[in-house]
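Asks: JSON, C-alpha atoms, saved as work-v8.json, coming up:
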```json
[["chain", "number", "residue", "atom", "x", "y", "z"],
["A", 1, "MET", "CA", 0.00, 0.00, 0.00],
["A", 2, "SER", "CA", 2.01, 2.96, -1.25],
["A", 3, "HIS", "CA", -0.88, 5.39, -1.80],
["A", 4, "VAL", "CA", -2.46, 6.40, 1.49],
["A", 5, "PRO", "CA", -5.41, 8.82, 1.77],
["A", 6, "VAL", "CA", -5.12, 11.35, 4.57],
["A", 7, "LEU", "CA", -6.94, 14.18, 6.29],
["A", 8, "GLU", "CA", -5.43, 17.06, 8.20],
["A", 9, "ILE", "CA", -8.11, 18.59, 10.40],
["A", 10, "GLY", "CA", -7.12, 22.07, 11.58],
["A", 11, "GLY", "CA", -8.96, 24.62, 13.66],
["A", 12, "THR", "CA", -10.39, 26.41, 10.63],
["A", 13, "HIS", "CA", -9.78, 24.10, 7.69],
["A", 14, "VAL", "CA", -9.51, 20.51, 6.47],
["A", 15, "THR", "CA", -7.02, 19.25, 3.90],
["A", 16, "ALA", "CA", -7.48, 15.93, 2.12],
["A", 17, "ALA", "CA", -4.83, 14.31, -0.06],
["A", 18, "VAL", "CA", -3.34, 11.03, -1.21],
["A", 19, "ILE", "CA", 0.28, 10.45, -0.21],
["A", 20, "ASP", "CA", 2.70, 8.34, -2.24],
["A", 21, "THR", "CA", 4.69, 6.94, 0.68],
["A", 22, "GLU", "CA", 7.40, 5.54, -1.60],
["A", 23, "ALA", "CA", 8.08, 8.98, -3.07],
["A", 24, "GLY", "CA", 7.37, 10.57, 0.31],
["A", 25, "LEU", "CA", 5.18, 13.24, -1.27],
["A", 26, "PRO", "CA", 1.52, 13.98, -2.03],
["A", 27, "VAL", "CA", 0.29, 12.59, -5.33],
["A", 28, "PRO", "CA", 0.40, 15.57, -7.73],
["A", 29, "PHE", "CA", -2.80, 17.65, -7.73],
["A", 30, "SER", "CA", -4.43, 15.41, -5.10],
["A", 31, "ALA", "CA", -4.54, 17.90, -2.21],
["A", 32, "VAL", "CA", -7.79, 19.75, -1.51],
["A", 33, "ARG", "CA", -8.12, 22.32, 1.28],
["A", 34, "GLN", "CA", -11.39, 23.87, 2.42],
["A", 35, "PRO", "CA", -12.61, 25.84, 5.44],
["A", 36, "VAL", "CA", -14.80, 24.01, 7.92],
["A", 37, "PRO", "CA", -17.18, 25.35, 10.60],
["A", 38, "ALA", "CA", -15.29, 24.41, 13.77],
["A", 39, "ASP", "CA", -18.19, 25.61, 15.94],
["A", 40, "ALA", "CA", -20.90, 23.73, 14.00],
["A", 41, "PRO", "CA", -23.01, 20.87, 15.42],
["A", 42, "ALA", "CA", -21.33, 17.46, 15.21],
["A", 43, "ARG", "CA", -23.27, 16.14, 12.23],
["A", 44, "GLU", "CA", -22.68, 19.30, 10.19],
["A", 45, "LEU", "CA", -18.99, 19.35, 11.07],
["A", 46, "LEU", "CA", -18.45, 15.67, 10.24],
["A", 47, "ASP", "CA", -20.34, 16.08, 6.96],
["A", 48, "ALA", "CA", -18.13, 19.04, 6.08],
["A", 49, "ILE", "CA", -14.97, 17.03, 6.78],
["A", 50, "ALA", "CA", -16.23, 14.15, 4.65],
["A", 51, "ALA", "CA", -17.17, 16.55, 1.84],
["A", 52, "VAL", "CA", -13.52, 17.57, 1.54],
["A", 53, "ALA", "CA", -12.48, 13.91, 1.39],
["A", 54, "ASP", "CA", -15.07, 13.27, -1.32],
["A", 55, "ARG", "CA", -13.17, 15.60, -3.63],
["A", 56, "VAL", "CA", -10.09, 13.33, -3.60],
["A", 57, "GLU", "CA", -9.72, 10.20, -5.72],
["A", 58, "VAL", "CA", -8.86, 7.56, -3.13],
["A", 59, "PRO", "CA", -8.03, 3.85, -3.36],
["A", 60, "ALA", "CA", -10.84, 1.47, -2.44],
["A", 61, "ALA", "CA", -10.80, -0.11, 1.02],
["A", 62, "ALA", "CA", -7.88, 2.10, 2.04],
["A", 63, "HIS", "CA", -6.65, 2.68, 5.56],
["A", 64, "TRP", "CA", -6.80, 6.44, 6.21],
["A", 65, "GLY", "CA", -4.48, 8.58, 8.26],
["A", 66, "VAL", "CA", -6.06, 11.51, 10.08],
["A", 67, "ALA", "CA", -4.07, 14.28, 11.78],
["A", 68, "ILE", "CA", -6.16, 16.15, 14.32],
["A", 69, "PRO", "CA", -5.33, 18.44, 17.25],
["A", 70, "GLY", "CA", -5.94, 17.46, 20.83],
["A", 71, "PRO", "CA", -7.43, 16.95, 23.25],
["A", 72, "PHE", "CA", -8.40, 13.72, 21.52],
["A", 73, "ASP", "CA", -8.37, 10.01, 22.39],
["A", 74, "TYR", "CA", -6.25, 8.90, 19.45],
["A", 75, "ALA", "CA", -6.45, 5.19, 20.20],
["A", 76, "ALA", "CA", -10.24, 5.18, 20.53],
["A", 77, "GLY", "CA", -10.93, 7.87, 17.92],
["A", 78, "VAL", "CA", -13.08, 9.88, 20.34],
["A", 79, "GLY", "CA", -13.09, 13.66, 20.71],
["A", 80, "ARG", "CA", -12.22, 15.17, 24.08],
["A", 81, "PHE", "CA", -12.72, 18.81, 23.14],
["A", 82, "ARG", "CA", -14.03, 20.89, 26.00],
["A", 83, "GLY", "CA", -13.47, 24.53, 26.81],
["A", 84, "ILE", "CA", -11.02, 25.20, 23.97],
["A", 85, "GLY", "CA", -13.27, 27.11, 21.57],
["A", 86, "LYS", "CA", -13.27, 24.65, 18.67],
["A", 87, "PHE", "CA", -14.77, 21.25, 17.86],
["A", 88, "GLU", "CA", -16.78, 21.42, 21.08],
["A", 89, "SER", "CA", -19.61, 19.47, 19.43],
["A", 90, "LEU", "CA", -17.25, 16.49, 18.92],
["A", 91, "HIS", "CA", -16.64, 16.05, 22.65],
["A", 92, "GLY", "CA", -17.48, 12.43, 23.46],
["A", 93, "VAL", "CA", -18.24, 11.64, 19.81],
["A", 94, "ASP", "CA", -16.78, 8.49, 18.21],
["A", 95, "VAL", "CA", -15.23, 10.42, 15.36],
["A", 96, "GLY", "CA", -13.66, 7.28, 13.94],
["A", 97, "ALA", "CA", -16.96, 5.45, 13.58],
["A", 98, "GLU", "CA", -18.65, 8.53, 12.13],
["A", 99, "LEU", "CA", -15.92, 9.04, 9.54],
["A", 100, "LEU", "CA", -15.83, 5.36, 8.60],
["A", 101, "ASP", "CA", -19.48, 5.77, 7.60],
["A", 102, "ARG", "CA", -18.80, 8.95, 5.63],
["A", 103, "LEU", "CA", -15.41, 8.68, 3.92],
["A", 104, "PRO", "CA", -15.28, 7.61, 0.27],
["A", 105, "GLY", "CA", -13.94, 4.27, -0.96],
["A", 106, "ALA", "CA", -15.37, 2.08, 1.85],
["A", 107, "PRO", "CA", -12.28, 2.55, 4.06],
["A", 108, "SER", "CA", -10.84, -0.42, 5.91],
["A", 109, "GLY", "CA", -9.76, 1.62, 8.91],
["A", 110, "ILE", "CA", -8.57, 4.93, 10.28],
["A", 111, "SER", "CA", -5.46, 5.81, 12.29],
["A", 112, "PHE", "CA", -5.58, 9.08, 14.21],
["A", 113, "VAL", "CA", -2.43, 11.01, 15.08],
["A", 114, "ASN", "CA", -1.80, 14.26, 16.89],
["A", 115, "ASP", "CA", -1.29, 17.03, 14.34],
["A", 116, "ALA", "CA", 2.04, 18.13, 15.84],
["A", 117, "ASP", "CA", 3.32, 14.54, 15.75],
["A", 118, "ALA", "CA", 2.16, 14.26, 12.13],
["A", 119, "PHE", "CA", 4.07, 17.43, 11.26],
["A", 120, "ALA", "CA", 7.19, 16.11, 12.96],
["A", 121, "ILE", "CA", 7.02, 12.69, 11.30],
["A", 122, "GLY", "CA", 6.52, 14.37, 7.94],
["A", 123, "GLU", "CA", 9.58, 16.56, 8.46],
["A", 124, "TYR", "CA", 11.52, 13.45, 9.50],
["A", 125, "ARG", "CA", 10.40, 11.49, 6.44],
["A", 126, "ALA", "CA", 10.72, 14.19, 3.79],
["A", 127, "GLY", "CA", 11.82, 17.46, 5.33],
["A", 128, "ALA", "CA", 14.29, 19.24, 7.53],
["A", 129, "ALA", "CA", 14.64, 16.44, 10.12],
["A", 130, "ALA", "CA", 15.47, 13.71, 7.59],
["A", 131, "GLY", "CA", 18.41, 11.63, 8.75],
["A", 132, "ARG", "CA", 18.41, 13.10, 12.26],
["A", 133, "ARG", "CA", 18.24, 10.63, 15.13],
["A", 134, "ARG", "CA", 16.62, 13.05, 17.58],
["A", 135, "ALA", "CA", 14.63, 16.13, 16.70],
["A", 136, "VAL", "CA", 12.28, 18.51, 18.48],
["A", 137, "CYS", "CA", 9.62, 19.91, 16.17],
["A", 138, "ILE", "CA", 7.58, 22.95, 17.16],
["A", 139, "THR", "CA", 4.60, 24.54, 15.42],
["A", 140, "LEU", "CA", 3.73, 28.15, 16.18],
["A", 141, "GLY", "CA", 0.20, 29.14, 15.25],
["A", 142, "THR", "CA", -2.85, 29.64, 17.42],
["A", 143, "GLY", "CA", -0.87, 27.87, 20.15],
["A", 144, "VAL", "CA", 2.34, 25.89, 20.53],
["A", 145, "GLY", "CA", 2.43, 22.38, 19.10],
["A", 146, "SER", "CA", 5.37, 20.09, 19.75],
["A", 147, "SER", "CA", 6.79, 16.65, 19.17],
["A", 148, "PHE", "CA", 9.97, 15.07, 20.50],
["A", 149, "LEU", "CA", 11.15, 12.50, 17.95],
["A", 150, "ASP", "CA", 13.61, 9.66, 18.48],
["A", 151, "GLY", "CA", 14.27, 7.68, 15.32],
["A", 152, "GLY", "CA", 11.13, 9.13, 13.77],
["A", 153, "HIS", "CA", 8.90, 8.04, 16.67],
["A", 154, "PRO", "CA", 7.22, 10.51, 19.05],
["A", 155, "VAL", "CA", 8.41, 10.23, 22.65],
["A", 156, "VAL", "CA", 5.49, 10.94, 24.98],
["A", 157, "GLU", "CA", 6.79, 9.82, 28.35],
["A", 158, "GLY", "CA", 9.97, 9.64, 30.37],
["A", 159, "PRO", "CA", 12.27, 12.08, 32.16],
["A", 160, "ASP", "CA", 13.67, 13.65, 28.99],
["A", 161, "VAL", "CA", 10.41, 15.12, 27.65],
["A", 162, "PRO", "CA", 7.66, 17.37, 29.03],
["A", 163, "PRO", "CA", 4.43, 15.71, 30.23],
["A", 164, "GLY", "CA", 2.98, 13.83, 27.27],
["A", 165, "GLY", "CA", 5.81, 15.18, 25.12],
["A", 166, "ARG", "CA", 3.84, 18.43, 24.80],
["A", 167, "ALA", "CA", 5.50, 21.81, 25.23],
["A", 168, "HIS", "CA", 2.17, 23.58, 25.69],
["A", 169, "ARG", "CA", 1.97, 21.92, 29.12],
["A", 170, "LEU", "CA", 5.08, 23.78, 30.28],
["A", 171, "ALA", "CA", 5.13, 26.92, 32.39],
["A", 172, "VAL", "CA", 7.35, 29.96, 32.02],
["A", 173, "ASP", "CA", 7.58, 33.01, 34.27],
["A", 174, "GLY", "CA", 4.99, 31.36, 36.50],
["A", 175, "LEU", "CA", 2.40, 31.10, 33.71],
["A", 176, "PRO", "CA", 1.31, 28.32, 31.35],
["A", 177, "LEU", "CA", 3.42, 28.63, 28.20],
["A", 178, "GLU", "CA", 0.46, 29.49, 25.97],
["A", 179, "GLU", "CA", -0.40, 32.39, 28.30],
["A", 180, "VAL", "CA", 2.90, 33.92, 27.15],
["A", 181, "VAL", "CA", 3.44, 32.71, 23.59],
["A", 182, "SER", "CA", 0.35, 32.06, 21.47],
["A", 183, "ARG", "CA", -1.63, 34.16, 19.04],
["A", 184, "ARG", "CA", -3.89, 35.43, 21.81],
["A", 185, "ALA", "CA", -1.03, 36.07, 24.27],
["A", 186, "ILE", "CA", 1.16, 37.90, 21.76],
["A", 187, "ARG", "CA", -1.66, 40.21, 20.71],
["A", 188, "SER", "CA", -2.55, 40.86, 24.35],
["A", 189, "PHE", "CA", 1.04, 41.67, 25.33],
["A", 190, "TYR", "CA", 1.37, 44.09, 22.42],
["A", 191, "ALA", "CA", -1.89, 45.80, 23.37],
["A", 192, "ARG", "CA", -0.57, 46.40, 26.88],
["A", 193, "ALA", "CA", 2.88, 47.49, 25.69],
["A", 194, "ALA", "CA", 1.50, 49.93, 23.12],
["A", 195, "ALA", "CA", -1.49, 50.99, 25.26],
["A", 196, "VAL", "CA", -3.90, 50.06, 22.48],
["A", 197, "SER", "CA", -7.36, 51.12, 23.57],
["A", 198, "ASP", "CA", -10.39, 48.88, 23.42],
["A", 199, "GLY", "CA", -11.80, 50.98, 20.60],
["A", 200, "HIS", "CA", -8.95, 50.18, 18.24],
["A", 201, "ARG", "CA", -8.52, 47.04, 16.17],
["A", 202, "LEU", "CA", -5.98, 44.80, 17.84],
["A", 203, "PRO", "CA", -3.23, 43.93, 15.34],
["A", 204, "ASP", "CA", -2.60, 40.30, 14.53],
["A", 205, "VAL", "CA", 0.76, 38.58, 14.94],
["A", 206, "HIS", "CA", 1.86, 39.20, 11.34],
["A", 207, "ASP", "CA", 1.04, 42.90, 11.81],
["A", 208, "ILE", "CA", 3.09, 43.00, 15.01],
["A", 209, "THR", "CA", 6.11, 41.31, 13.42],
["A", 210, "GLY", "CA", 5.80, 43.66, 10.45],
["A", 211, "SER", "CA", 5.87, 46.63, 12.80],
["A", 212, "ALA", "CA", 8.85, 45.14, 14.63],
["A", 213, "ARG", "CA", 10.67, 44.76, 11.34],
["A", 214, "ALA", "CA", 10.01, 48.44, 10.68],
["A", 215, "GLY", "CA", 11.54, 49.35, 14.04],
["A", 216, "ASP", "CA", 8.46, 49.85, 16.23],
["A", 217, "ALA", "CA", 9.71, 49.64, 19.81],
["A", 218, "HIS", "CA", 6.54, 48.15, 21.28],
["A", 219, "ALA", "CA", 6.39, 45.45, 18.61],
["A", 220, "LEU", "CA", 10.08, 44.61, 19.07],
["A", 221, "ARG", "CA", 9.58, 44.34, 22.81],
["A", 222, "THR", "CA", 6.61, 42.02, 22.24],
["A", 223, "VAL", "CA", 8.51, 39.70, 19.90],
["A", 224, "ARG", "CA", 11.54, 39.52, 22.18],
["A", 225, "HIS", "CA", 9.48, 38.92, 25.31],
["A", 226, "CYS", "CA", 7.08, 36.30, 23.96],
["A", 227, "PHE", "CA", 9.47, 34.28, 21.83],
["A", 228, "GLY", "CA", 12.28, 34.64, 24.32],
["A", 229, "ALA", "CA", 9.95, 32.95, 26.81],
["A", 230, "LEU", "CA", 9.53, 30.07, 24.35],
["A", 231, "GLY", "CA", 13.30, 29.59, 24.25],
["A", 232, "ARG", "CA", 13.53, 29.66, 28.05],
["A", 233, "ALA", "CA", 10.73, 27.10, 28.36],
["A", 234, "LEU", "CA", 12.29, 24.73, 25.83],
["A", 235, "ALA", "CA", 15.90, 25.08, 26.98],
["A", 236, "PRO", "CA", 15.89, 22.67, 29.97],
["A", 237, "TRP", "CA", 14.04, 20.02, 27.96],
["A", 238, "CYS", "CA", 16.35, 20.30, 24.98],
["A", 239, "GLU", "CA", 19.24, 20.02, 27.44],
["A", 240, "ARG", "CA", 17.74, 16.73, 28.64],
["A", 241, "PHE", "CA", 16.54, 15.36, 25.30],
["A", 242, "ARG", "CA", 19.66, 16.50, 23.39],
["A", 243, "PRO", "CA", 18.10, 16.85, 19.93],
["A", 244, "ASP", "CA", 20.28, 17.02, 16.83],
["A", 245, "LEU", "CA", 17.90, 19.65, 15.47],
["A", 246, "LEU", "CA", 15.01, 21.94, 16.41],
["A", 247, "VAL", "CA", 12.53, 22.34, 13.54],
["A", 248, "VAL", "CA", 10.02, 25.20, 13.66],
["A", 249, "GLY", "CA", 6.89, 25.41, 11.54],
["A", 250, "GLY", "CA", 3.48, 27.04, 11.69],
["A", 251, "SER", "CA", 2.35, 30.45, 10.50],
["A", 252, "MET", "CA", 4.66, 32.39, 12.84],
["A", 253, "ALA", "CA", 7.73, 30.70, 11.34],
["A", 254, "GLY", "CA", 7.19, 33.02, 8.38],
["A", 255, "SER", "CA", 8.70, 35.76, 10.57],
["A", 256, "TRP", "CA", 11.73, 33.71, 11.53],
["A", 257, "ASP", "CA", 14.09, 36.62, 10.88],
["A", 258, "LEU", "CA", 12.62, 38.13, 14.07],
["A", 259, "VAL", "CA", 11.33, 35.08, 15.92],
["A", 260, "GLY", "CA", 14.54, 33.06, 15.56],
["A", 261, "PRO", "CA", 16.87, 35.49, 17.32],
["A", 262, "ALA", "CA", 14.35, 35.92, 20.16],
["A", 263, "VAL", "CA", 14.06, 32.14, 20.66],
["A", 264, "ARG", "CA", 17.85, 31.76, 20.61],
["A", 265, "ALA", "CA", 18.20, 34.59, 23.14],
["A", 266, "GLY", "CA", 15.80, 32.69, 25.41],
["A", 267, "PHE", "CA", 17.96, 29.58, 25.17],
["A", 268, "GLU", "CA", 21.10, 31.59, 25.88],
["A", 269, "SER", "CA", 19.52, 33.19, 28.95],
["A", 270, "TRP", "CA", 18.98, 29.69, 30.34],
["A", 271, "ALA", "CA", 22.58, 28.63, 29.73],
["A", 272, "PRO", "CA", 25.04, 29.86, 27.11],
["A", 273, "GLY", "CA", 25.65, 27.43, 24.29],
["A", 274, "THR", "CA", 22.52, 25.32, 24.92],
["A", 275, "ALA", "CA", 20.57, 26.36, 21.82],
["A", 276, "PRO", "CA", 20.35, 23.43, 19.37],
["A", 277, "LEU", "CA", 20.77, 23.87, 15.66],
["A", 278, "THR", "CA", 17.44, 25.43, 14.67],
["A", 279, "VAL", "CA", 15.85, 25.55, 11.21],
["A", 280, "THR", "CA", 12.44, 26.28, 9.76],
["A", 281, "ALA", "CA", 10.36, 23.47, 8.30],
["A", 282, "ARG", "CA", 11.26, 22.35, 4.79],
["A", 283, "ARG", "CA", 7.76, 21.09, 3.98],
["A", 284, "PRO", "CA", 5.48, 23.26, 6.14],
["A", 285, "ALA", "CA", 2.30, 22.57, 4.17],
["A", 286, "ASP", "CA", 2.86, 18.90, 3.32],
["A", 287, "ALA", "CA", 4.53, 17.58, 6.47],
["A", 288, "PRO", "CA", 1.33, 16.85, 8.48],
["A", 289, "LEU", "CA", -0.13, 14.99, 5.50],
["A", 290, "ILE", "CA", 3.03, 12.96, 4.93],
["A", 291, "GLY", "CA", 3.29, 12.19, 8.63],
["A", 292, "ALA", "CA", -0.34, 11.06, 8.86],
["A", 293, "ALA", "CA", 0.19, 8.73, 5.91],
["A", 294, "HIS", "CA", 3.23, 7.05, 7.46],
["A", 295, "TRP", "CA", 1.43, 6.79, 10.79],
["A", 296, "ALA", "CA", -1.45, 4.98, 9.08],
["A", 297, "LEU", "CA", 0.82, 2.84, 6.91],
["A", 298, "HIS", "CA", 2.69, 1.35, 9.85],
["A", 299, "ARG", "CA", -0.54, 0.62, 11.70],
["A", 300, "SER", "CA", -2.46, -0.92, 8.83],
["A", 301, "VAL", "CA", -0.02, -3.64, 7.75],
["A", 302, "GLY", "CA", -1.57, -6.91, 8.87],
["A", 303, "ALA", "CA", -4.07, -5.07, 11.05],
["A", 304, "PRO", "CA", -7.81, -5.77, 11.18],
["A", 305, "PRO", "CA", -10.18, -3.08, 9.84],
["A", 306, "VAL", "CA", -10.42, -1.04, 13.02],
["A", 307, "ARG", "CA", -9.31, 2.37, 14.21],
["A", 308, "THR", "CA", -5.81, 2.48, 15.70]]
```
Show me, as structure tokens, the structure contained in the file I just sent.
Replies:
Amino acid sequence: MSHVPVLEIGGTHVTAAVIDTEAGLPVPFSAVRQPVPADAPARELLDAIAAVADRVEVPAAAHWGVAIPGPFDYAAGVGRFRGIGKFESLHGVDVGAELLDRLPGAPSGISFVNDADAFAIGEYRAGAAAGRRRAVCITLGTGVGSSFLDGGHPVVEGPDVPPGGRAHRLAVDGLPLEEVVSRRAIRSFYARAAAVSDGHRLPDVHDITGSARAGDAHALRTVRHCFGALGRALAPWCERFRPDLLVVGGSMAGSWDLVGPAVRAGFESWAPGTAPLTVTARRPADAPLIGAAHWALHRSVGAPPVRT
């Protein structure tokens, strides 16, 4: 089975594609991306996800890979979304069973994987982390996604990784990490630094980094504070895990000329010389799809037609 159909379910969109796992790339012209109503009732949301999949020509009786953010019971295929502002209607829903009934091609099974792990596996298989024994992969978007890879496999327990292998569970400066570095936190910090009044439109992260690039002092302070905190939070765990490489993806990686120095400064403030070699993702759009396909491939060989 070299052609594996996949879904990447994000907070505002769904991407469907077929991955050629031998080539390590999406089949040309197979990827389809559409917005989905993350706050819709469960039936409407599941129908919208399946509608994206219906636009892709998939092999019959295929085993699908699905990358989806947490909180989610990946083994059971059940949503655990509560109090996070998206996919709330899928809380307690057997998403696997519902998708098996909806996806095209009479699928033989579905393997769910955390979206940050899928990104990391994709970068390991076909991107910046290829050939690296240990890598830490971070995605910077609405929040902070992370995966600690050893030999291409996510490490989710043990003394060398954060709880569950998830950086968003860390604290920095006495606060949960995503209270300091996330889309919401960065915008909030800038508003306080620049004394933006409630009556003004709050700039988004790309606006703030653009202003920082132009020399705005409040924007520069925001970037250095928030992303420096990320470096400080990651530093002790990278010191333990000893990755060969730190790979950064997500929408904020597009401002790496500003974000990168701030992250490195955070590492250096922890201990000089501790910052690992850090690069941006080589396949930022494709990596989660490629990773989901490999996750499914290695769980479908000889497996019965069930969710894994």
Asks: Per residue of segment 233-270 of chain A within 12 Å of segment 211-220 of chain A, what are the shortest atom pair and its distance in Å to one decimal, counting all atoms listed in the file, with rows by chain and residue number, as CSV?
Replies:
```
residue,atom,partner,partner_atom,distance
A:Ser255,CA,A:Arg213,CA,9.2
A:Trp256,CA,A:Arg213,CA,11.1
A:Asp257,CA,A:Arg213,CA,8.8
A:Leu258,CA,A:Arg213,CA,7.4
A:Val259,CA,A:Leu220,CA,10.1
A:Pro261,CA,A:Leu220,CA,11.5
A:Ala262,CA,A:Leu220,CA,9.7
```
Asks: Let's have the selection written as an mmCIF file, in the coordinates of the input, with C-alpha atoms.
Replies:
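Output below, filename part-v3.cif:
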```cif
data_model
loop_
_atom_site.group_PDB
_atom_site.id
_atom_site.type_symbol
_atom_site.label_atom_id
_atom_site.label_comp_id
_atom_site.auth_asym_id
_atom_site.auth_seq_id
_atom_site.Cartn_x
_atom_site.Cartn_y
_atom_site.Cartn_z
ATOM 1 C CA SER A 255 8.700 35.760 10.570
ATOM 2 C CA TRP A 256 11.730 33.710 11.530
ATOM 3 C CA ASP A 257 14.090 36.620 10.880
ATOM 4 C CA LEU A 258 12.620 38.130 14.070
ATOM 5 C CA VAL A 259 11.330 35.080 15.920
ATOM 6 C CA PRO A 261 16.870 35.490 17.320
ATOM 7 C CA ALA A 262 14.350 35.920 20.160
#
```
Asks: Can you build me a table of segment 179-271 of chain A residues sitting at most 9 Å from segment 133-152 of chain A, with the closest atom pair per residue and its distance in Å to one decimal, using all atoms listed in the file, sorted by chain and residue number, as a tab-separated table?
Replies:
```
residue	atom	partner	partner_atom	distance
A:Val181	CA	A:Gly143	CA	7.3
A:Ser182	CA	A:Gly143	CA	4.6
A:Arg183	CA	A:Thr142	CA	5.0
A:Arg184	CA	A:Thr142	CA	7.3
A:Cys238	CA	A:Val136	CA	7.9
A:Phe241	CA	A:Arg134	CA	8.1
A:Arg242	CA	A:Arg134	CA	7.4
A:Pro243	CA	A:Arg134	CA	4.7
A:Asp244	CA	A:Arg134	CA	5.5
A:Leu245	CA	A:Ala135	CA	5.0
A:Leu246	CA	A:Val136	CA	4.8
A:Val247	CA	A:Cys137	CA	4.6
A:Val248	CA	A:Ile138	CA	4.8
A:Gly249	CA	A:Thr139	CA	4.6
A:Gly250	CA	A:Thr139	CA	4.6
A:Ser251	CA	A:Gly141	CA	5.4
A:Met252	CA	A:Leu140	CA	5.5
A:Ala253	CA	A:Leu140	CA	6.8
```
Asks: Might you pull out every residue within 12 Å of Arg82 of chain A, with all atoms listed in the file counted and same-chain residues fewer than 6 positions away left off, and present them as a list in words?
Replies: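 That gives Asp39, Gly70, Pro71, Phe72, Glu88, Ser89, Leu90, His91, Gly92 and Val93 of chain A.
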Asks: Any idea what the distance is between atom CA of Pro59 of chain A and atom CA of Ile19 of chain A?
Replies: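 So the two atoms, atom CA of Pro59 of chain A and atom CA of Ile19 of chain A, lie 11.1 Å apart.
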Asks: I want to know what sits within 12 Å of Ala23 of chain A, based on all atoms listed in the file, with residues of the same chain fewer than 6 positions away left out; could you give that as number ranges by chain?
Replies: A: 2-4, 125-126, 290, 293-294
Asks: May I have the selected residues written with C-alpha atoms, as a JSON list (two decimals), keeping the file's coordinate frame?
Replies:
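Final output, saved to again_30.json:
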```json
[["chain", "number", "residue", "atom", "x", "y", "z"],
["A", 2, "SER", "CA", 2.01, 2.96, -1.25],
["A", 3, "HIS", "CA", -0.88, 5.39, -1.80],
["A", 4, "VAL", "CA", -2.46, 6.40, 1.49],
["A", 125, "ARG", "CA", 10.40, 11.49, 6.44],
["A", 126, "ALA", "CA", 10.72, 14.19, 3.79],
["A", 290, "ILE", "CA", 3.03, 12.96, 4.93],
["A", 293, "ALA", "CA", 0.19, 8.73, 5.91],
["A", 294, "HIS", "CA", 3.23, 7.05, 7.46]]
```
